[in-house]
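Accompanying notes for the structure given below.
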Amino acid sequence: MARRSGEKKIKKKKKNLFFRGFLFFLFFFLFFLSPCPLSFLPRPHPASFFFFFFFLFFFFTSRFGTGRAQQQQRQVFKERRMARRSGEKKIKKKKKNLFFRGFLFFLFFFLFFLSPCPLSFLPRPHPASFFFFFFFLLSRTRRRAHTPSAQIRPTDPPSFSPPRTPVLYCAVHSTLAPFPPKMNVADDFLSPNNICGITLLKLVSRGNAIIAELLRLSENVPEVFSNPGQYAGILHGFEYLQHAEELEAVIEASADLVDLDEDFATNHLPLLERFFALFLSVYRYRKDLDRYLADLEEGVFIQHTFEGVLFQTDGKQLLTEALYVYGVILLLMDRRIEGVVRERMLVAYIRYKGESDILHVDQVCRLCRRTGYLPPSAAHPEGKRPADYPEDYFARFGFEEDVVEMVIGRLRSDDLYLQLPGYPDPSHRSTALATQAGMLYVILFFAPEILAEEPAIMREVVDKHFNDNWVISFHMGEVVDLSREWAPYPAARAALNNTLEAGNIRSVQAKHVKKVEPLLERITGLLDEGVLTPEYAVDHVSRLLKGQRDANVTIRWLVLHTQTAGKKLREVVLNGVDQTRVLLLLLNVAQYEFRLKRIFKDLLDTKETRWDSFKAQACERVTELSEYFSGEKALTRVTKDEQLQAWFADIATKIQSLDYHDSTLAGRKIQQLSHALEEVESFHQIETNVHVKHFLGETRSFMQQMVRTVNCKEEILMVITLVSDISYARDVIAGYVDLMQERIKRDPSSTIMLRSLFLKLATVLELPCVRINQAESPDLVSVMAYYSGNLVAFVRDVLQVVPVSMFQILDRVIDVQINSLRELPTRLPRLEMREWAQLEERHVLAAATHRIAKFTEGILAMDTTFVGIIKVDPKQLLEDGIRRELVRQISSAMDIVLQFGKDAAPLTAVISGGSVRARPFEARLAELARRLDGYRRSFEYLQDYVGLYGARIWQEEFSRIVNYNVEQECNDFLTKKVYDWNSSYQSEAIPIPRFPRTDNVSITFMGRLAREMLMQTDSRRVIYVDQLASWIDTAGEEVVGLRTIGAIHRSVGTFGLTGIDRLFSFMTVRDLRSFCRMWKREVDGNMRAFLADFGEELSPLSTIPFNMARSFPRALNACAKLWPLFILDTVTRVGQTQLLRQAVGNELAFSCKLDSNVYYNALGTTNRAVLADVRAHYRSPDTAPYPPDGNPLLPELSRYLDNAGMGASLEKIYITSEPLDGLPLVLFLFVLAQMPRMTFDPRLGTLRRDGKGGGSGSGSSGSSKKAAKAAAAAGGVPTG
């Protein structure tokens, strides 16, 4: 591309040079070399040669000069003139320049033309010199006055619009360009008027937002896509696209698959839409980037070409980032979302949405097709990397070869982000270029021929970027080992062999290991109280920054290279490395950087104030000395010295005239004044005067402080921020969590150092957000919220050891309180006081309490700070951690205890005041109640030393646990399920753990408890006695009764009983729907006709039917096939759940009356009042309107009534259906058929199953006859 315009430019330059040369010699000959240029004028002055030459050069250069620089200069001049951004400053500067030019003009004019003899040996100037001299100055003045400044001040901010967030602006300034170079105005690539730069900036910003969305969604991939299980028949990969009709026919042929497909679409379609939007955005990003490169090629952006953009600082950064971001997206998508998962998602989305309605579906499918790559995991420790990966993956939508090679060329030759000035030590070059090295690693996959066939280029790349490291982070903690990643490429492998040579690795490793202890000793000494002061920091800036650089470089190498993939290399790297000491060095460095930043930030904020203060004090001292030598000041016995008086007054005036804003000139003057004050001490009048010498010393001290103050610049803070970057350890740092927690256990006060580490980790937010912030994209808040949330989650994981340790100590406290401490009697003999004091037990209790207080003190010592955009309050952090541990312990206890079945051994529990051999069901309920009571008591003890509201926290978290598990259990009955990410009870900060299933039916322990209640009250094993409100077995013993329901209440509380009631409601709905479907299937036309005829035979209902002895056996035989509908867990289970709901409601109502009778009565009154209003509405809809749909009265009141046991389960509507003809008759006949199997129990006063009658059968002719005789004897008929 560069050769296209080269020849034209050369030809044009030759023409311009020829024309200029011709004009030069023409004018030169006419005015100077001709015998007499003008007959009436004398011979020209020799100085005219000088002015004439410069006139021609500047005049013709400005008029006829061409080339890219001249065109860009004119274009920028036009843009600057339209923008007028800094008008007032420019006007002032122009006025100064014009004054200076005018002065020089008249000076030279007088010396050369108007003086009597400008040079004694030269003749009088030729009059034509006036003309050329005037035009020379005019041309220079016009060019300087109208040409924009060619440089910008180093202290100016980078050339982009001011971002919205001040913190991010500092991040941008420090990360991308810590030392902004002097650049031409034409390089203002990111100015608002530069469409080329803004377009590329917005594109890169969008790519970073896509990465954040990719990472966010990859953490919420439903497990069903990786392990389909029951959905295997409807989830397919891209093979579906080849056999769509056959696979759809299989699904439509199965009613179960159709129902499963509808259920899956209802629950997962919103998530599939979001994933497809992600995949589509990746393709569109690649398409828009390709369009941008084509526009650069075609010249759409005037004055901008691809080569020109690559030679601008911001341009080459953004172009490189554009390719790099796309490569990172591809790598992360294949690492975080497996290929088979992507295919199943896309196929499911296509099936549900329709292929014709989806944009770019073919391209998206091509982009997301599986590659065969599997990342390392527990199942595949080594992972799987297919041949030609990832170059084939990148080549699906690659870039032109020239584009990639030129970008790689910039990465090879340039310091893209100007990081090297922050690392002046040559041994730190690989660390300074680490960000650039990660970008190079990714972009090289777009040009695999370089990796495989260009040994010279790869040797250059390795020598510059990887001469002492081979484990790198290519994006925010995504670590790769080049010894494994570049193994398939001969050129790259050969170039890296020098780095991987055993002797080189041992040398580099030993160098870094030896630095750990000296660095730790040096930084620890600086962190001692009173050492790192502002004065010390200003005086030793270079030393402090060097220590920070050395420590960060060493930490980076040791942390990254412990992730080496090869076993032999890892052994060499880990030889002699103490990870505890490395962690301690990291913590100390973080604390050191935190203090250093705070010191220099304070110095910069008060810089001008400090300057004015020191200057005023220095002036005051010198003024007092001037007055002292006046000889007129009271109480001074000194001879008047007018010279010293005037000299000191002049010094005071000069000090007062020092300008803070002109730091360079002020620094020089201060040095001169200090030197003068040192010399004046040798004067006889001063040398013997201690008082004056003291004043002079103080003055020099204040002036030295002024020098230090003016030399404290923002670049120091930017270097500190640059060097403290730890974004490479975003994922690796998780391996140090255990060491951090062990340190907190040993020393709770070390949490203060952890706070500094967390702030250091916040540098992770800079890289992905800098371009988004520059582009002022609305995605900034979402992206920052995601990364900040991840960082806060890491903080919570580390500090979770505090509440865990607290609860471990509380277990000991509760054991002492329950088992060791004895309650004092009412009267105590004096001789037994020492025995009853229980000093040892109380000492143990006091020590445990002190440890809890130390943990609390340690975490509360952390100051409130912002991690990204999330405010981290240590008190709230402690409360969340305690809640989290409380939730974990309660959930674990309920999951462990509430397990039933043959494998569960019986427990001995305290029931009804005595220790008995209890039934397993009741024993487990009592054990759960005992454990939860212990947690409650320990939590009540904890609240006094932590300053939390224990009762409120207990109620909130216990209700959330129970409601969440009930919600997940109810998912089995719902078409649209509630998953964790949209559950109102689940929380990221305080997650409720999920446990594996222990049976094939229940999902959670609440489901197991509800089903165990159903099993205990199974109608085939026990009977319900209404008078006792209990279920009795065949031996007449109570199986489930008021005592059992009370035990459930004591174990799972009111929330648990309400949750069980809700579960029974869902079961009732399911059984009723199942019954309706079976009824419609079994009761056909003939059966409905028979039931209608039989109903007519029984009419009228007020009389005894005729010929009843023949009608009833015939009806029982005809309906015998319907009995399984009632016997096999349908109608009988509906009655069973309703009886259990009544028992639960009675327990809740009794508890509510007992605990809060006023509340119970108020709730009942409100319920009756609302029902009266509803009845009034149905009587007169116009005068008594019904509450609108948005009114929460009825839903909230219903919830309160259910919690108080006033729900009236028998009066609720569960489902709506069409009338079931003949159902009353069938119910009557079913009861009639079962009567022969029942016998009256006079002890219980109710019917019970006859042991001789056998089980519940489907009915026979004999039983039908017995049932008919029983009906005839009773003389009853069904009344509906």
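Simple scheme: letters A, B, ... for chains in structure tokens order, numbers from 1 for residues in each chain, numbers from 1 for ligands in the order shown.
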
For this session: Pick out the residues sitting within 9 Å of stretch 447-458 of chain A, and hand them over as a ChimeraX atom specification; count only C-alpha atoms, and ignore anything fewer than 6 positions along from it in its own chain.
Result: /A:391,401,404-405,412,486,488-496

For this session: For A:Leu527, please output as a PyMOL selection string all residues within 12 Å (counting only C-alpha atoms; exclusion window: fewer than 2 positions along the same chain).
Result: chain A and resi 520-525+529-533+544+587-596+753

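For stretch 1181-1196 of chain A, the list of residues within 12 Å, based on only C-alpha atoms and with local chain neighbours fewer than 2 positions off taken out, reads A:Leu1163, A:Thr1166, A:Asn1167, A:Ala1169, A:Val1170, A:Leu1171, A:Ala1172, A:Asp1173, A:Val1174, A:Arg1175, A:Ala1176, A:His1177, A:Tyr1178, A:Arg1179, A:Ser1198, A:Arg1199, A:Tyr1200, A:Leu1201, A:Asp1202, A:Asn1203.
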
Problem set entry | Interatomic distance (Å, one decimal) between atom CA of A:Asp1071 and atom CA of A:Arg1011 | 14.3 Å

For this session: Please return as a list of chain:residue names: the residues of stretch 740-924 of chain A that backbone DSSP assigns to strand (DSSP E or B).
Result: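 Everything in stretch 740-924 of chain A that counts as strand (DSSP E or B) is A:Thr865, A:Phe866, A:Val867, A:Ile870, A:Lys871, A:Val872, A:Ala909, A:Val910, A:Ile911, A:Gly914, A:Ser915, A:Val916.
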
Problem set entry | Residue among A:Gly315, A:Phe394, A:Glu687, A:Ile726 lying closest to A:Ile555, counting only C-alpha atoms |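 Closest residue, counting only C-alpha atoms: A:Ile726.
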
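Near A:Leu1148, within 6 Å and counting only C-alpha atoms, sit Gly1145, Ser1151, Ala1204 and Gly1205 of chain A, not including residues fewer than 3 positions from it in the same chain.
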
May I have the selected residues written with N, CA, C and O atoms, as an mmCIF file, in the first residue's frame?
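Saved to selection_37.cif:
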data_model
loop_
_atom_site.group_PDB
_atom_site.id
_atom_site.type_symbol
_atom_site.label_atom_id
_atom_site.label_comp_id
_atom_site.auth_asym_id
_atom_site.auth_seq_id
_atom_site.Cartn_x
_atom_site.Cartn_y
_atom_site.Cartn_z
ATOM 1 N N GLY A 1145 -52.481 -26.147 59.333
ATOM 2 C CA GLY A 1145 -53.178 -24.895 59.604
ATOM 3 C C GLY A 1145 -53.586 -24.765 61.056
ATOM 4 O O GLY A 1145 -53.501 -23.668 61.639
ATOM 5 N N SER A 1151 -50.401 -21.591 67.292
ATOM 6 C CA SER A 1151 -49.172 -20.867 67.618
ATOM 7 C C SER A 1151 -49.375 -19.365 67.515
ATOM 8 O O SER A 1151 -48.892 -18.600 68.354
ATOM 9 N N ALA A 1204 -50.683 -17.502 59.207
ATOM 10 C CA ALA A 1204 -51.378 -17.582 60.500
ATOM 11 C C ALA A 1204 -52.291 -18.789 60.591
ATOM 12 O O ALA A 1204 -53.009 -18.934 61.589
ATOM 13 N N GLY A 1205 -52.295 -19.669 59.574
ATOM 14 C CA GLY A 1205 -53.136 -20.855 59.622
ATOM 15 C C GLY A 1205 -54.608 -20.583 59.397
ATOM 16 O O GLY A 1205 -55.455 -21.368 59.834
#

For this session: Please give the complete set of residues from stretch 699-863 of chain A that DSSP, run on the backbone, assigns to alpha helix (DSSP H), formatted as a ChimeraX atom specification.
Result: /A:699-711,714-723,737-746,751-761,766-774,780-799,801-815,833-837,839-860

Problem set entry | Counting only C-alpha atoms, the option among A:Met1006, A:Leu1225, A:Leu717, A:Leu1140 closest to A:Phe1090 | A:Leu1225

Spatial neighbours of A:Val364, max dist 9 Å, only C-alpha atoms, sep filter under 5 positions, as a short mmCIF file (atom, residue, chain, number, x, y, z; two decimals) with N, CA and C atoms, in the first residue's frame:
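The result, stored in around27.cif:
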data_model
loop_
_atom_site.label_atom_id
_atom_site.label_comp_id
_atom_site.auth_asym_id
_atom_site.auth_seq_id
_atom_site.Cartn_x
_atom_site.Cartn_y
_atom_site.Cartn_z
N PHE A 276 -27.58 -15.75 21.98
CA PHE A 276 -27.50 -15.51 20.55
C PHE A 276 -27.14 -14.05 20.27
N PHE A 279 -23.40 -13.95 20.50
CA PHE A 279 -22.73 -14.50 19.33
C PHE A 279 -22.88 -13.58 18.12
N LEU A 280 -24.06 -13.00 17.97
CA LEU A 280 -24.29 -12.09 16.85
C LEU A 280 -23.44 -10.83 16.99
N VAL A 282 -20.53 -10.62 18.33
CA VAL A 282 -19.15 -10.97 17.97
C VAL A 282 -18.99 -10.91 16.46
N TYR A 283 -19.94 -11.50 15.74
CA TYR A 283 -19.85 -11.46 14.27
C TYR A 283 -19.95 -10.03 13.75
N LEU A 346 -27.36 -22.70 19.82
CA LEU A 346 -27.76 -22.13 18.53
C LEU A 346 -28.86 -22.95 17.88
N LEU A 359 -31.15 -13.02 11.72
CA LEU A 359 -30.16 -12.36 10.88
C LEU A 359 -28.81 -13.05 11.01
N ARG A 369 -19.11 -22.71 15.50
CA ARG A 369 -18.98 -24.16 15.34
C ARG A 369 -17.87 -24.68 16.24
#

Seminar exercise, completed: Counting only C-alpha atoms, the residue among A:Asn469, A:Ser987, A:Thr266, A:Asn689 that lies closest to A:Thr564 is A:Asn469

For this session: Write out as a PyMOL selection string which residues come within 9 Å of stretch 739-749 of chain A when counting only C-alpha atoms, dropping same-chain ones fewer than 2 positions away.
Result: chain A and resi 579-580+583+735-737+751-754+798-802+805+854-859+861

For this session: Show which residues sit within 8 Å of A:Ala893, as JSON, numbers by chain. Count only C-alpha atoms, and ignore same-chain residues fewer than 6 positions away.
Result: {"A": [928, 931, 932]}

Could you take the residues named above and write them with N, CA and C atoms, as a compact mmCIF listing (two decimals), in the first residue's frame?
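Contents of the output file result.txt:
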# COMPACT_ATOMS: atom_id res chain seq x y z
N LEU A 928 -33.04 -32.12 64.78
CA LEU A 928 -32.92 -30.87 64.04
C LEU A 928 -33.28 -29.67 64.92
N ARG A 931 -30.30 -28.95 67.19
CA ARG A 931 -29.17 -28.30 66.52
C ARG A 931 -29.48 -26.84 66.21
N LEU A 932 -30.66 -26.59 65.68
CA LEU A 932 -31.02 -25.21 65.35
C LEU A 932 -31.11 -24.35 66.60

Exercise. Interatomic distance between atom CA of A:Leu201 and atom CA of A:Val781?
Worked result: 17.7 Å

Exercise. Out of A:Ser483, A:Asn1161, A:Asn575, A:Asn467, which residue has the shortest atom-to-atom distance to A:Ala510 when counting only C-alpha atoms?
Worked result: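 Between A:Ser483, A:Asn1161, A:Asn575, A:Asn467, the residue approaching A:Ala510 most closely is A:Asn575.
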